[in-house]
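The structure under discussion appears below in the form of structure tokens.
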Amino acid sequence: MRSEEIQIRTGSEEVVHDLTRECERFLDDETGDGLLHVWVPHATAGVAIIETGAGSDDDLLTALERILPRDVKWRHRHGTPGHGRDHVMPALVPPYATIPVLGGVLALGTWQSICLVDTNVDNPVRTVRLSFLAG
């Protein structure tokens with residue numbers, strides 16, 4: 001297995017950050033089949049396979065706000081107001097995804113992208129671990 005960590009600057013706003021190019025770069029030297037595992041070792045971020053650029057990324061953030069409103073009702077209270085919802089979000093958008101790799105190429109659907117979902121405005125930099133397990 002080959003593995004590497006990358007740093008992603010997400011800033012101080014909620015974001016759906018497309019990781020697909022970083023994942024493709026990680027696989028540049030691969031020619032065989034296997035699995036790419038994307039892992040975010042944070043308690044307040046997730047990984048989603050979603051279409052980007054056509055509004056779906058904003059729709060995801062809107063849906064998360066409706067399901068997990070940023071208010072003061074959360075028991076987990078450190079950080080900015082409503083930060084408790086950021087700790088619940090990974091139960092809905094898990095902190096990992098595994099994608100098939102065929103002939104060194106991600107086997108994503110036409111409109112699918114690999115995205116970091118970060119609703120925690122208190123943490124502007126995220127670590128993402130990419131791991132390739134050859135078949």
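Going by the structure tokens order, chains are called A, B, ..., each with residues numbered from 1, while ligands are numbered from 1 in the order shown.
Non-sequential neighbours of Thr44 (chain A) (distance at most 7 Å, separation of 6 or more positions within a chain, only C-alpha atoms) are Asp86, His87, Met89, Pro90, Asp118 and Asn120 of chain A.
Checking A:His17, A:Lys73, A:Arg2, A:Arg25 one by one against Gly46 (chain A), counting only C-alpha atoms, you find the shortest gap at A:His17.
Among the candidates A:Phe132, A:Val93, A:Asp57, A:Thr52, the residue lying nearest to Val105 (chain A) is A:Phe132 (atoms considered: only C-alpha atoms).
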Legend entry - Between CA of Glu51 (chain A) and CA of Ser113 (chain A), distance in Å (one decimal):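 Answer for the CA of Glu51 (chain A) to CA of Ser113 (chain A) separation: 5.7 Å.
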Legend entry - Contact residues around Ala97 (chain A) with only C-alpha atoms at 7 Å, ignoring same-chain residues under 6 positions, as a VMD selection string: chain A and resid 37 to 39 47
Could you turn the residues from that selection into a file that holds N, CA and C atoms, as a PDB file, in the first residue's frame?
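Written output follows (out.pdb):
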```pdb
ATOM      1  N   HIS A  37      -8.292   4.921  -1.271  1.00  0.00           N
ATOM      2  CA  HIS A  37      -9.021   5.241  -0.043  1.00  0.00           C
ATOM      3  C   HIS A  37      -8.680   6.680   0.332  1.00  0.00           C
ATOM      4  N   VAL A  38      -9.718   7.476   0.558  1.00  0.00           N
ATOM      5  CA  VAL A  38      -9.567   8.881   0.941  1.00  0.00           C
ATOM      6  C   VAL A  38     -10.078   9.001   2.371  1.00  0.00           C
ATOM      7  N   TRP A  39      -9.220   9.484   3.264  1.00  0.00           N
ATOM      8  CA  TRP A  39      -9.526   9.526   4.695  1.00  0.00           C
ATOM      9  C   TRP A  39      -9.246  10.929   5.220  1.00  0.00           C
ATOM     10  N   VAL A  47     -16.080  13.175   3.595  1.00  0.00           N
ATOM     11  CA  VAL A  47     -15.751  12.990   2.189  1.00  0.00           C
ATOM     12  C   VAL A  47     -17.023  12.538   1.478  1.00  0.00           C
TER      13      VAL A  47
END
```
Legend entry - For region 58-70 of chain A: contacts at 10 Å, only C-alpha atoms, fewer than 2 positions along chain excluded, given as a list in words: Glu14, Val15, Val16, Ala48, Ile50, Thr52, Gly53, Ala54, Gly55, Ser56, Val72, Lys73, Trp74, Thr80, Pro81, Gly82, His83, Gly84, Arg85, Asp86, Val88, Met89, Leu92, Val93, Val117, Asp118 and Thr119 of chain A
Inset, instruction - Would you mind reading off the distance between CA of Glu13 (chain A) and CA of Leu36 (chain A), one decimal, in Å? - result: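 Taking CA of Glu13 (chain A) and CA of Leu36 (chain A), their separation equals 27.7 Å.
If you measure from each of A:Asp18, A:Asp33, A:Glu5, A:Asp28 to Gln112 (chain A) using only C-alpha atoms, the closest one turns out to be A:Asp18.
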Inset, instruction - Tell me which of A:Cys115, A:Gly34, A:Leu19, A:Phe26 sits closest to Ile99 (chain A), counting only C-alpha atoms. - result: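 Of the candidates, the smallest distance to Ile99 (chain A) is held by A:Gly34.
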Inset, instruction - Please provide as a PyMOL selection string all residues within 7 Å of Thr20 (chain A), with the sequence filter that same-chain residues fewer than 3 positions apart are discarded (counting only C-alpha atoms). - result: chain A and resi 23-24+113-114
Inset, instruction - Mind listing the helix (DSSP H, G or I) residues of chain A, per DSSP on the backbone, as a ChimeraX atom specification? - result: /A:20-26,56-67,84-91
